[in-house]
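The file work.cif contains mmCIF, C-alpha atoms and all ligand atoms:
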```cif
data_final
#
loop_
_atom_site.label_atom_id
_atom_site.label_comp_id
_atom_site.auth_asym_id
_atom_site.auth_seq_id
_atom_site.Cartn_x
_atom_site.Cartn_y
_atom_site.Cartn_z
CA MET A 29 -88.21 56.34 174.67
CA THR A 30 -89.77 58.45 177.40
CA GLU A 31 -88.57 61.94 178.23
CA GLN A 32 -87.37 60.60 181.56
CA GLN A 33 -85.22 57.97 179.87
CA ILE A 34 -83.70 60.49 177.46
CA LEU A 35 -82.79 62.78 180.35
CA GLN A 36 -81.34 59.93 182.38
CA SER A 37 -79.26 58.67 179.46
CA TYR A 38 -78.01 62.19 178.86
CA SER A 39 -76.89 62.69 182.41
CA ILE A 40 -74.90 59.43 182.30
CA ALA A 41 -73.38 60.41 178.94
CA LYS A 42 -72.50 63.86 180.26
CA GLU A 43 -70.51 62.35 183.11
CA ARG A 44 -68.83 59.83 180.85
CA TYR A 45 -67.65 62.58 178.48
CA ALA A 46 -66.65 64.87 181.37
CA ALA A 47 -64.28 62.14 182.57
CA ILE A 48 -62.24 62.60 179.37
CA GLY A 49 -62.43 66.40 179.46
CA VAL A 50 -65.40 66.97 177.13
CA ASP A 51 -68.23 69.36 177.98
CA THR A 52 -71.40 68.00 176.33
CA ASP A 53 -73.52 71.09 177.14
CA LYS A 54 -70.98 73.24 175.34
CA ALA A 55 -70.98 70.91 172.32
CA ILE A 56 -74.80 71.08 172.18
CA ALA A 57 -74.74 74.88 172.40
CA THR A 58 -72.29 75.06 169.48
CA LEU A 59 -74.40 72.65 167.44
CA GLU A 60 -77.49 74.75 168.14
CA GLN A 61 -75.77 77.88 166.89
CA THR A 62 -74.30 76.41 163.70
CA PRO A 63 -76.59 76.93 160.71
CA ILE A 64 -77.14 74.30 158.06
CA SER A 65 -78.34 75.59 154.71
CA LEU A 66 -81.12 73.49 153.17
CA HIS A 67 -80.87 73.27 149.38
CA CYS A 68 -84.31 74.04 147.92
CA TRP A 69 -83.62 71.77 144.95
CA GLN A 70 -84.15 68.48 146.82
CA ALA A 71 -87.87 69.38 146.96
CA ASP A 72 -88.43 69.34 143.19
CA ASP A 73 -85.51 67.46 141.57
CA VAL A 74 -83.71 70.69 140.52
CA MET A 75 -86.55 71.76 138.21
CA GLY A 76 -87.13 75.35 139.36
CA PHE A 77 -89.81 77.68 137.99
CA GLU A 78 -88.24 79.21 134.92
CA SER A 79 -89.32 76.85 132.16
CA ASN A 80 -89.70 73.17 131.47
CA ALA A 81 -86.32 72.88 129.78
CA GLY A 82 -85.24 70.01 132.05
CA LEU A 83 -81.87 69.43 133.61
CA SER A 84 -78.66 69.75 131.62
CA GLY A 85 -75.14 70.97 132.35
CA GLY A 86 -73.46 67.93 133.78
CA ILE A 87 -75.92 67.07 136.58
CA GLN A 88 -78.81 64.64 136.69
CA THR A 89 -81.49 63.43 139.07
CA THR A 90 -82.65 59.85 139.00
CA GLY A 91 -85.85 58.33 140.32
CA ASN A 92 -89.54 59.15 140.06
CA TYR A 93 -90.90 58.85 143.59
CA PRO A 94 -94.29 60.57 143.71
CA GLY A 95 -94.85 63.87 145.49
CA ARG A 96 -92.37 66.27 143.91
CA ALA A 97 -93.08 69.92 144.75
CA ARG A 98 -94.60 71.47 141.62
CA ASN A 99 -94.66 75.15 142.41
CA ILE A 100 -93.29 77.81 144.71
CA ASP A 101 -95.95 77.32 147.40
CA GLU A 102 -95.27 73.59 147.55
CA VAL A 103 -91.51 74.11 147.82
CA ARG A 104 -92.10 76.58 150.64
CA SER A 105 -94.55 74.44 152.57
CA ASP A 106 -92.27 71.41 152.20
CA LEU A 107 -89.34 73.40 153.58
CA GLU A 108 -91.47 74.70 156.46
CA PHE A 109 -92.44 71.16 157.34
CA VAL A 110 -88.83 70.00 157.14
CA ASN A 111 -87.82 72.87 159.43
CA SER A 112 -90.46 71.93 161.97
CA LEU A 113 -88.80 68.52 162.44
CA LEU A 114 -85.25 69.80 162.88
CA ALA A 115 -83.42 71.23 165.86
CA GLY A 116 -80.84 74.00 165.41
CA ILE A 117 -80.73 76.81 162.86
CA GLN A 118 -81.55 76.18 159.22
CA ARG A 119 -81.01 78.49 156.26
CA VAL A 120 -82.58 78.05 152.81
CA ASN A 121 -80.37 77.91 149.74
CA LEU A 122 -82.03 79.05 146.49
CA HIS A 123 -80.99 78.79 142.87
CA GLU A 124 -81.79 81.59 140.43
CA ILE A 125 -84.29 79.36 138.57
CA TYR A 126 -86.47 79.35 141.73
CA GLY A 127 -87.43 83.02 141.31
CA ASP A 128 -91.06 84.07 141.72
CA PHE A 129 -91.58 84.67 138.00
CA GLN A 130 -95.41 84.52 138.15
CA GLY A 131 -95.56 82.30 135.05
CA ARG A 132 -93.63 84.74 132.85
CA PHE A 133 -90.33 83.85 131.19
CA VAL A 134 -87.61 86.01 132.68
CA ASP A 135 -84.32 85.35 130.96
CA ARG A 136 -81.21 84.97 133.06
CA ASP A 137 -79.63 88.20 131.89
CA ARG A 138 -82.75 90.12 132.94
CA VAL A 139 -83.34 88.78 136.43
CA ASP A 140 -83.22 91.07 139.47
CA ALA A 141 -84.05 91.12 143.17
CA SER A 142 -87.72 91.93 142.57
CA TYR A 143 -88.28 88.28 141.56
CA PHE A 144 -87.02 87.21 144.96
CA GLN A 145 -88.96 89.68 147.09
CA SER A 146 -91.59 87.09 147.99
CA TRP A 147 -88.83 84.67 149.00
CA MET A 148 -87.32 87.34 151.24
CA ASP A 149 -90.72 88.03 152.80
CA TRP A 150 -91.32 84.32 153.31
CA ALA A 151 -87.87 83.78 154.82
CA LYS A 152 -88.45 86.65 157.23
CA SER A 153 -91.86 85.31 158.23
CA ILE A 154 -90.42 81.94 159.22
CA GLY A 155 -87.18 83.36 160.64
CA VAL A 156 -84.61 81.87 158.27
CA SER A 157 -81.82 83.45 156.24
CA LEU A 158 -81.36 82.82 152.54
CA ASP A 159 -78.35 81.73 150.49
CA PHE A 160 -78.19 81.89 146.72
CA ASN A 161 -76.74 80.36 143.53
CA SER A 162 -76.39 81.57 139.97
CA THR A 163 -77.72 78.95 137.51
CA SER A 164 -75.68 78.06 134.44
CA PHE A 165 -77.47 74.80 133.63
CA GLY A 166 -80.83 74.00 132.02
CA HIS A 167 -80.86 76.89 129.52
CA SER A 168 -80.63 77.10 125.73
CA LYS A 169 -77.31 78.96 126.11
CA SER A 170 -75.86 76.47 128.63
CA GLY A 171 -74.05 74.34 126.04
CA ASN A 172 -70.70 72.99 127.18
CA LEU A 173 -69.18 76.33 128.07
CA SER A 174 -70.64 79.37 129.80
CA LEU A 175 -68.19 81.71 131.58
CA ALA A 176 -65.28 80.01 129.77
CA ASN A 177 -66.91 80.27 126.36
CA PRO A 178 -64.68 81.82 123.67
CA ASP A 179 -67.82 83.23 121.99
CA PRO A 180 -68.07 86.76 123.45
CA GLU A 181 -71.85 86.87 123.09
CA ILE A 182 -72.49 83.72 125.12
CA ARG A 183 -69.81 84.58 127.62
CA SER A 184 -71.18 88.06 128.26
CA PHE A 185 -74.70 86.63 128.68
CA TRP A 186 -73.44 84.46 131.56
CA ILE A 187 -71.29 87.23 133.01
CA GLU A 188 -74.34 89.47 133.10
CA HIS A 189 -76.39 86.68 134.72
CA THR A 190 -73.81 86.06 137.42
CA LYS A 191 -73.34 89.77 138.16
CA ARG A 192 -77.10 90.14 138.56
CA CYS A 193 -77.20 87.12 140.86
CA ARG A 194 -74.56 88.70 143.10
CA ARG A 195 -76.75 91.80 143.38
CA ILE A 196 -79.78 89.64 144.24
CA ALA A 197 -77.72 87.91 146.94
CA ASP A 198 -76.68 91.30 148.26
CA ALA A 199 -80.33 92.39 148.48
CA MET A 200 -81.13 89.20 150.39
CA GLY A 201 -78.21 89.78 152.75
CA LYS A 202 -79.34 93.34 153.39
CA ALA A 203 -82.94 92.28 154.03
CA GLN A 204 -81.94 89.58 156.50
CA GLY A 205 -79.14 91.51 158.20
CA ASP A 206 -76.83 88.57 157.65
CA PRO A 207 -74.61 88.03 154.59
CA CYS A 208 -76.12 85.82 151.90
CA ILE A 209 -73.63 83.23 150.68
CA MET A 210 -73.74 82.98 146.90
CA ASN A 211 -72.25 79.97 145.23
CA ILE A 212 -70.98 80.05 141.69
CA TRP A 213 -70.72 76.67 140.05
CA VAL A 214 -70.48 76.48 136.27
CA HIS A 215 -70.48 73.20 134.45
CA ASP A 216 -67.96 74.35 131.83
CA GLY A 217 -66.17 71.40 130.32
CA LEU A 218 -65.90 69.13 127.31
CA LYS A 219 -66.91 65.58 126.56
CA ASP A 220 -63.83 64.80 124.55
CA LEU A 221 -60.25 65.80 124.04
CA THR A 222 -59.21 69.41 123.72
CA VAL A 223 -56.02 71.25 122.85
CA ASN A 224 -57.32 74.50 124.37
CA ARG A 225 -57.31 73.86 128.12
CA LYS A 226 -55.29 76.95 128.95
CA ARG A 227 -57.42 79.17 126.76
CA TYR A 228 -60.69 78.08 128.44
CA ARG A 229 -59.22 78.49 131.90
CA GLU A 230 -57.87 81.96 131.10
CA GLN A 231 -61.32 82.85 129.87
CA LEU A 232 -62.97 81.54 133.04
CA ALA A 233 -60.56 83.46 135.28
CA ALA A 234 -61.13 86.68 133.30
CA SER A 235 -64.93 86.28 133.50
CA LEU A 236 -64.78 85.67 137.25
CA ASP A 237 -62.53 88.70 137.77
CA GLU A 238 -65.09 90.82 135.98
CA ILE A 239 -67.99 89.34 137.96
CA LEU A 240 -66.33 89.68 141.35
CA ALA A 241 -65.12 93.25 140.75
CA GLU A 242 -68.30 94.88 142.07
CA PRO A 243 -68.08 95.41 145.84
CA LEU A 244 -71.25 94.16 147.52
CA PRO A 245 -71.12 94.32 151.33
CA ASP A 246 -74.08 92.11 152.21
CA MET A 247 -73.14 88.99 150.30
CA LYS A 248 -70.17 86.64 150.05
CA SER A 249 -69.27 84.77 146.88
CA CYS A 250 -67.92 81.25 146.88
CA LEU A 251 -66.61 79.23 143.95
CA GLU A 252 -67.23 75.53 143.50
CA ALA A 253 -64.72 73.20 141.91
CA LYS A 254 -65.62 69.92 140.25
CA LEU A 255 -64.01 66.77 138.92
CA PHE A 256 -66.29 66.31 135.91
CA GLY A 257 -69.87 66.66 134.71
CA ILE A 258 -72.01 64.04 133.00
CA GLY A 259 -71.42 64.37 129.26
CA LEU A 260 -68.40 66.57 130.02
CA GLU A 261 -65.98 63.90 131.15
CA SER A 262 -62.70 64.83 129.49
CA PHE A 263 -62.15 68.37 130.67
CA THR A 264 -63.46 70.56 133.49
CA ALA A 265 -62.48 74.21 133.29
CA GLY A 266 -63.19 74.84 136.99
CA SER A 267 -61.12 71.98 138.37
CA HIS A 268 -59.83 71.80 141.94
CA ASP A 269 -56.44 73.15 140.95
CA PHE A 270 -58.05 76.00 139.05
CA TYR A 271 -60.20 77.14 141.95
CA THR A 272 -57.56 76.53 144.61
CA GLY A 273 -55.26 78.91 142.75
CA TYR A 274 -58.03 81.34 141.90
CA CYS A 275 -59.53 81.53 145.40
CA ALA A 276 -56.11 81.73 147.05
CA THR A 277 -54.91 84.61 144.87
CA ARG A 278 -58.23 86.51 144.90
CA LYS A 279 -59.00 85.74 148.56
CA VAL A 280 -62.39 84.23 147.77
CA MET A 281 -64.32 81.54 149.63
CA TYR A 282 -63.83 78.01 148.23
CA THR A 283 -66.75 75.59 147.94
CA LEU A 284 -65.82 72.06 148.80
CA ASP A 285 -68.47 69.60 147.59
CA THR A 286 -67.77 66.16 148.99
CA GLY A 287 -69.20 64.60 145.83
CA HIS A 288 -66.64 66.22 143.57
CA TYR A 289 -63.62 64.06 144.18
CA GLU A 290 -62.36 60.67 143.11
CA PRO A 291 -64.20 58.01 145.16
CA THR A 292 -60.97 56.94 146.88
CA GLU A 293 -59.76 60.45 147.72
CA ASN A 294 -59.83 61.65 151.33
CA VAL A 295 -61.75 64.91 150.97
CA SER A 296 -61.29 65.89 154.62
CA ASP A 297 -57.55 66.16 154.05
CA PHE A 298 -58.09 69.24 151.85
CA VAL A 299 -59.58 71.25 154.72
CA SER A 300 -56.41 72.16 156.60
CA SER A 301 -54.53 73.05 153.41
CA LEU A 302 -57.29 75.21 151.99
CA LEU A 303 -57.75 77.03 155.29
CA LEU A 304 -54.17 78.30 155.03
CA TYR A 305 -54.86 80.07 151.78
CA VAL A 306 -58.56 80.91 151.36
CA PRO A 307 -60.57 83.10 153.73
CA GLU A 308 -63.51 80.74 154.29
CA LEU A 309 -64.97 77.44 153.15
CA MET A 310 -68.45 76.62 151.92
CA LEU A 311 -69.23 72.93 152.40
CA HIS A 312 -71.62 71.11 150.09
CA VAL A 313 -72.22 68.03 152.19
CA SER A 314 -73.20 65.22 149.84
CA ARG A 315 -72.60 61.52 149.23
CA PRO A 316 -71.03 60.26 146.03
CA ILE A 317 -71.55 56.65 144.99
CA ARG A 318 -68.93 55.84 142.37
CA TRP A 319 -69.39 59.32 140.87
CA ASP A 320 -70.98 62.64 141.84
CA SER A 321 -74.31 60.88 142.22
CA ASP A 322 -75.76 63.21 144.87
CA HIS A 323 -77.11 60.48 147.14
CA VAL A 324 -78.58 61.59 150.47
CA THR A 325 -75.93 62.52 153.03
CA ILE A 326 -75.47 59.90 155.73
CA MET A 327 -73.27 59.58 158.78
CA ASN A 328 -70.27 57.85 157.23
CA ASP A 329 -66.51 58.12 157.64
CA GLN A 330 -66.15 60.76 154.91
CA THR A 331 -68.68 63.12 156.49
CA LEU A 332 -67.39 62.47 160.01
CA ASP A 333 -63.79 63.11 158.98
CA LEU A 334 -64.79 66.32 157.21
CA PHE A 335 -66.29 67.80 160.37
CA LYS A 336 -63.52 66.48 162.58
CA GLU A 337 -60.99 68.29 160.41
CA ILE A 338 -62.98 71.55 160.63
CA VAL A 339 -63.21 71.30 164.42
CA ARG A 340 -59.60 70.19 164.85
CA ALA A 341 -58.56 73.23 162.79
CA ASP A 342 -60.71 75.41 165.08
CA ALA A 343 -62.35 76.70 161.91
CA LEU A 344 -66.09 76.31 162.46
CA HIS A 345 -66.40 80.11 162.28
CA ARG A 346 -64.72 80.01 158.85
CA ALA A 347 -66.95 77.27 157.43
CA HIS A 348 -70.49 77.53 156.07
CA ILE A 349 -72.44 74.31 155.95
CA GLY A 350 -74.90 73.48 153.20
CA LEU A 351 -76.41 70.30 151.85
CA ASP A 352 -76.23 69.34 148.18
CA TYR A 353 -77.94 66.22 146.92
CA PHE A 354 -81.02 65.43 144.91
CA ASP A 355 -82.54 62.03 145.31
CA ALA A 356 -85.80 61.58 143.42
CA SER A 357 -86.10 57.89 144.28
CA ILE A 358 -87.31 58.17 147.90
CA ASN A 359 -89.60 60.44 149.89
CA ARG A 360 -88.00 63.85 149.30
CA ILE A 361 -89.01 65.31 152.66
CA GLY A 362 -87.49 62.31 154.40
CA ALA A 363 -84.32 62.85 152.35
CA TYR A 364 -83.96 66.35 153.81
CA ILE A 365 -84.37 65.12 157.38
CA ILE A 366 -81.96 62.21 156.98
CA GLY A 367 -79.27 64.42 155.43
CA THR A 368 -79.61 67.26 157.93
CA ARG A 369 -79.66 64.92 160.93
CA ALA A 370 -76.62 63.06 159.56
CA THR A 371 -74.78 66.36 159.18
CA GLN A 372 -75.71 67.38 162.73
CA LYS A 373 -74.58 64.01 164.07
CA CYS A 374 -71.21 64.26 162.33
CA LEU A 375 -70.66 67.79 163.60
CA LEU A 376 -71.68 66.73 167.11
CA GLN A 377 -69.29 63.76 167.03
CA ALA A 378 -66.53 66.16 166.01
CA LEU A 379 -67.42 68.55 168.84
CA LEU A 380 -67.36 65.67 171.34
CA GLU A 381 -63.89 64.50 170.42
CA PRO A 382 -61.56 64.51 173.47
CA LEU A 383 -59.23 66.79 171.55
CA ALA A 384 -57.21 68.21 174.44
CA LYS A 385 -56.33 64.74 175.71
CA LEU A 386 -55.61 63.40 172.22
CA ARG A 387 -53.31 66.35 171.49
CA GLU A 388 -51.53 65.84 174.79
CA TYR A 389 -50.86 62.19 173.91
CA GLU A 390 -49.70 63.04 170.40
CA ASN A 391 -47.45 65.86 171.56
CA ASN A 392 -45.85 63.56 174.16
CA GLY A 393 -45.18 60.93 171.53
CA GLN A 394 -47.65 58.53 173.21
CA GLY A 395 -48.77 56.79 170.05
CA PHE A 396 -50.45 53.84 171.73
CA GLU A 397 -52.48 56.06 174.07
CA LEU A 398 -53.52 58.31 171.16
CA LEU A 399 -54.79 55.42 169.06
CA ALA A 400 -56.47 53.76 172.05
CA LEU A 401 -58.45 56.88 173.02
CA MET A 402 -59.43 57.56 169.43
CA GLU A 403 -60.81 54.04 169.21
CA GLU A 404 -62.65 54.27 172.53
CA ALA A 405 -64.13 57.67 171.58
CA LYS A 406 -65.97 55.96 168.72
CA THR A 407 -68.26 54.07 171.09
CA LEU A 408 -68.88 56.73 173.73
CA PRO A 409 -72.63 57.36 174.30
CA PHE A 410 -72.89 60.01 171.62
CA GLY A 411 -76.47 58.98 170.68
CA ALA A 412 -77.71 60.00 174.12
CA VAL A 413 -76.29 63.50 173.56
CA TYR A 414 -77.92 63.77 170.14
CA ASP A 415 -81.28 62.57 171.51
CA TYR A 416 -81.14 65.17 174.27
CA PHE A 417 -80.30 67.90 171.71
CA ASN A 418 -83.54 67.05 169.86
CA LEU A 419 -85.65 66.72 173.01
CA LYS A 420 -84.36 70.07 174.29
CA ASN A 421 -85.43 71.67 171.00
CA ASN A 422 -88.88 70.05 170.93
CA VAL A 423 -88.43 68.04 167.76
CA PRO A 424 -88.84 64.27 167.25
CA VAL A 425 -86.20 62.11 168.92
CA GLY A 426 -84.64 59.10 167.22
CA GLU A 427 -86.70 57.41 164.53
CA ASP A 428 -89.91 59.19 165.61
CA PHE A 429 -89.68 61.56 162.63
CA ILE A 430 -90.47 58.67 160.28
CA ALA A 431 -94.11 58.78 161.39
CA ASN A 432 -94.27 62.56 160.90
CA VAL A 433 -92.91 62.25 157.36
CA GLN A 434 -95.36 59.42 156.60
CA GLU A 435 -98.23 61.56 157.82
CA TYR A 436 -97.18 64.49 155.61
CA GLU A 437 -96.92 62.10 152.69
CA LYS A 438 -100.40 60.77 153.36
CA THR A 439 -102.04 64.17 153.73
CA VAL A 440 -99.94 66.35 151.40
CA THR A 441 -97.36 64.95 148.96
CA SER A 442 -99.25 61.83 147.87
CA LYS A 443 -102.04 64.12 146.64
CA ARG A 444 -99.70 65.73 144.10
CA ILE A 445 -100.33 63.97 140.81
C1 LIG B 1 -72.98 70.41 140.79
C2 LIG B 1 -72.72 71.19 142.01
C3 LIG B 1 -73.74 72.23 142.35
C4 LIG B 1 -75.16 71.75 142.13
C5 LIG B 1 -76.21 72.74 142.57
C6 LIG B 1 -77.55 72.39 142.04
O1 LIG B 1 -72.11 69.39 140.61
O2 LIG B 1 -72.54 70.32 143.09
O3 LIG B 1 -73.52 72.69 143.63
O4 LIG B 1 -75.39 70.53 142.76
O5 LIG B 1 -75.81 73.99 142.27
ZN ZN B 2 -72.36 71.26 145.03
#
```

The structure given in the file should be rewritten as structure tokens.
Amino acid sequence: MTEQQILQSYSIAKERYAAIGVDTDKAIATLEQTPISLHCWQADDVMGFESNAGLSGGIQTTGNYPGRARNIDEVRSDLEFVNSLLAGIQRVNLHEIYGDFQGRFVDRDRVDASYFQSWMDWAKSIGVSLDFNSTSFGHSKSGNLSLANPDPEIRSFWIEHTKRCRRIADAMGKAQGDPCIMNIWVHDGLKDLTVNRKRYREQLAASLDEILAEPLPDMKSCLEAKLFGIGLESFTAGSHDFYTGYCATRKVMYTLDTGHYEPTENVSDFVSSLLLYVPELMLHVSRPIRWDSDHVTIMNDQTLDLFKEIVRADALHRAHIGLDYFDASINRIGAYIIGTRATQKCLLQALLEPLAKLREYENNGQGFELLALMEEAKTLPFGAVYDYFNLKNNVPVGEDFIANVQEYEKTVTSKRI
């Protein structure tokens, strides 16, 4: 498509949306100002730079597509390339195992902000903000239970790790002048039956209380619930009920990962309930196939409904958006672009909903009109608005990014053997 055609299509779309009370320029401006946090772990299949211990703790990558980033420089240059193809604001979300350890083994109860100084410098140089995660998996002390472990030695190791991670996040937040969002997800659970559910959950709550006690003004903690981990199918200490209660009573941000629900559950329905009781939401936008398989995010009903619920609740300022998937079976750079663009498209669709008119119909009891406009809204020329958003921000429009990713593969990632 030529620039002329994109502009023409946009001006027709703009009028079409205006006729139902929607301001497309405003929707684009909101989309441009809403950050999406890119998870560094798609670049290297969640390996990190701590050791070669491999992945454990209930999560797993599958696939062996060539070109995985093998070191810190490769992760950074991959993320820079990804950024160059995306409109809007991106953040970068790091896990503790991605520290700049310079080849030395730094155990998790010894880590501090100095190992992330080069990340902070890099982030500043490319103008992005960082988010952070403590890492409970892939370590000799991971086992089945970390923060919920009845063994005081193991438990205090992980408490110390998580406290240190909060301080690292705070240092990042200070350096970037923008709070760093730190996610705490622990895999704690059991493969088979247990008669100690309450005990483990009490232990987890007590550990979290201790971890969150330190006031740190430049970071925000969020807690991620889960249905189950691989190899830990019978019991999950940090279940949805656990974290809903915990976050509501402690006034802590709740992390909603769209992969962490039963396949038939409507995840978007949780948004409006959670927003009544927790201060903010962190979204891990993912795609589960039969289980928490972490497939690349696409524009599907689940993702669309999630963003519609956020916008309908007027809660975009209370939601932080991050991606969370790790597909090792296709070009990893392409996976980032597909997932980010899908997330942008779903948010844009939500922002373009003729909400005022729909509400008017619903409030007047005009059920037919409500359903009719909702149906018609699905086929409005939304693609023309999204194309214009990309053109305006000087990044590839439509499928053009495929060629850019192929070129990077040819010249960079295919050379990694
Ligand atoms: C695991 C959680 C968690 C991880 C990352 C790597 O089920 O979704 O967010 O994917 O921390
Ligand atoms: Zn997640």

Residue contacts of region 60-64 of chain A (12 Å, all atoms listed in the file) excluding same-chain residues fewer than 5 positions away, as a PyMOL selection string: chain A and resi 53-55+111+114-121+156-159+310-313+344-352+364-365+367-373+375-376+379+414+416-418+420-421

Please identify all polymer residues lying at most 9 Å from the point (-78.1, 83.3, 141.6) (file coordinates), using all atoms listed in the file, and present the result as a list of chain:residue names.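 Those residues, ordered by chain and then number, are A:Leu122, A:His123, A:Glu124, A:Ile125, A:Phe160, A:Asn161, A:Ser162, A:Thr163, A:His189, A:Thr190, A:Lys191, A:Arg192, A:Cys193, A:Arg194, A:Arg195, A:Ile196, A:Ala197, A:Met210, A:Asn211, A:Ile212.
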
Neighbour residues at most 6 Å from (-91.2, 70.2, 148.5) (all atoms listed in the file) as a PyMOL selection string: chain A and resi 71+97+102-103+106

Selected residue of minimal separation from ligand LIG 1 (chain B) among A:Glu427, A:Asp73, A:Asp206, A:Asp198, counting all atoms listed in the file: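 Checking each of A:Glu427, A:Asp73, A:Asp206, A:Asp198 against ligand LIG 1 (chain B), counting all atoms listed in the file, the winner is A:Asp73.
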
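Nearest to Asp297 (chain A) of all the residues A:Asn99, A:Ser37, A:Ser314, A:Thr331 is A:Thr331, based on all atoms listed in the file.
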
Considering only C-alpha atoms and all ligand atoms, can you say which of A:Ala241, A:Ile361, A:Ala41, A:Ile258 comes closest to ligand LIG 1 (chain B)? A:Ile258

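A straight line drawn from atom C6 of ligand LIG 1 (chain B) to CA of Thr89 (chain A) is 10.2 Å long.
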
List every residue of region 59-175 of chain A that has an atom at most 9 Å from any atom of region 220-233 of chain A, giving for each one its closest atom pair and the distance in Å to one decimal, counting all atoms listed in the file, sorted by chain and then by ascending residue number, as a tab-separated table.
```
residue	atom	partner	partner_atom	distance
A:Leu173	CA	A:Tyr228	CA	8.7
A:Ser174	CA	A:Leu232	CA	8.6
A:Leu175	CA	A:Leu232	CA	5.4
```

Straight-line distance linking CA of Ser65 (chain A) with CA of Cys208 (chain A), stated in Å to one decimal: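 Separation between CA of Ser65 (chain A) and CA of Cys208 (chain A): 10.8 Å.
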
Would you mind telling me which residue in A:Lys248, A:His67, A:Arg360, A:Arg183 lies nearest to ligand ZN 2 (chain B) when using only C-alpha atoms and all ligand atoms?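 Under the stated criterion, the closest residue is A:His67.
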
Kindly give the distance, in Å, that separates CA of Phe270 (chain A) and CA of Glu238 (chain A), rounded to a single decimal. 16.7 Å

Taking all atoms of region 132-138 of chain A that the file lists, what box with edges along x, y and z, padded by 3 Å per side, do you get, with centre and edge lengths in Å to one decimal, as AutoDock Vina command-line options?
```
--center_x -86.6 --center_y 87.0 --center_z 132.0 --size_x 20.0 --size_y 12.3 --size_z 8.1
```

Between A:Glu181, A:Asp237, A:Asp285, A:Glu78, which residue has the minimum interatomic distance to ligand ZN 2 (chain B), considering all atoms listed in the file?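 The closest residue to ligand ZN 2 (chain B) is A:Asp285.
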
Restricting to all atoms listed in the file, whichever of A:Ala431, A:Phe410, A:Gly85, A:Ala363 is closest to Thr264 (chain A) is A:Gly85

For Cys250 (chain A): contacts at 6 Å, all atoms listed in the file, fewer than 3 positions along chain excluded, given as a list in words: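 What passes the distance filter is Asn211, Met281, Tyr282 and Thr283 of chain A.
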
Selection near Gly266 (chain A), 8 Å with all atoms listed in the file, sequence-local residues under 5 positions removed, as a list in words: Val214, His215, Asp216, Arg229, Leu232, Glu252, Ala253, Lys254 and Tyr271 of chain A

Output the selection as a PDB file, keeping the file's coordinate frame - C-alpha atoms for each residue.
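Below is the file that was written, part_13.pdb:
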```
ATOM      1  CA  VAL A 214     -70.480  76.480 136.270  1.00  0.00           C
ATOM      2  CA  HIS A 215     -70.480  73.200 134.450  1.00  0.00           C
ATOM      3  CA  ASP A 216     -67.960  74.350 131.830  1.00  0.00           C
ATOM      4  CA  ARG A 229     -59.220  78.490 131.900  1.00  0.00           C
ATOM      5  CA  LEU A 232     -62.970  81.540 133.040  1.00  0.00           C
ATOM      6  CA  GLU A 252     -67.230  75.530 143.500  1.00  0.00           C
ATOM      7  CA  ALA A 253     -64.720  73.200 141.910  1.00  0.00           C
ATOM      8  CA  LYS A 254     -65.620  69.920 140.250  1.00  0.00           C
ATOM      9  CA  TYR A 271     -60.200  77.140 141.950  1.00  0.00           C
TER      10      TYR A 271
END
```

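If you count all atoms listed in the file and ignore residues fewer than 5 places along the chain from Ala405 (chain A), what sits within 12 Å of it is A:Arg44, A:Tyr45, A:Ala47, A:Ile48, A:Gly49, A:Val50, A:Gln377, A:Ala378, A:Leu379, A:Leu380, A:Glu381, A:Pro382, A:Leu383, A:Lys385, A:Leu386, A:Leu398, A:Leu399, A:Ala400, A:Phe410.
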
Store the residues picked out above in a file with C-alpha atoms, as a short mmCIF file (atom, residue, chain, number, x, y, z; two decimals), in the coordinates of the input.
```
data_model
loop_
_atom_site.label_atom_id
_atom_site.label_comp_id
_atom_site.auth_asym_id
_atom_site.auth_seq_id
_atom_site.Cartn_x
_atom_site.Cartn_y
_atom_site.Cartn_z
CA ARG A 44 -68.83 59.83 180.85
CA TYR A 45 -67.65 62.58 178.48
CA ALA A 47 -64.28 62.14 182.57
CA ILE A 48 -62.24 62.60 179.37
CA GLY A 49 -62.43 66.40 179.46
CA VAL A 50 -65.40 66.97 177.13
CA GLN A 377 -69.29 63.76 167.03
CA ALA A 378 -66.53 66.16 166.01
CA LEU A 379 -67.42 68.55 168.84
CA LEU A 380 -67.36 65.67 171.34
CA GLU A 381 -63.89 64.50 170.42
CA PRO A 382 -61.56 64.51 173.47
CA LEU A 383 -59.23 66.79 171.55
CA LYS A 385 -56.33 64.74 175.71
CA LEU A 386 -55.61 63.40 172.22
CA LEU A 398 -53.52 58.31 171.16
CA LEU A 399 -54.79 55.42 169.06
CA ALA A 400 -56.47 53.76 172.05
CA PHE A 410 -72.89 60.01 171.62
#
```
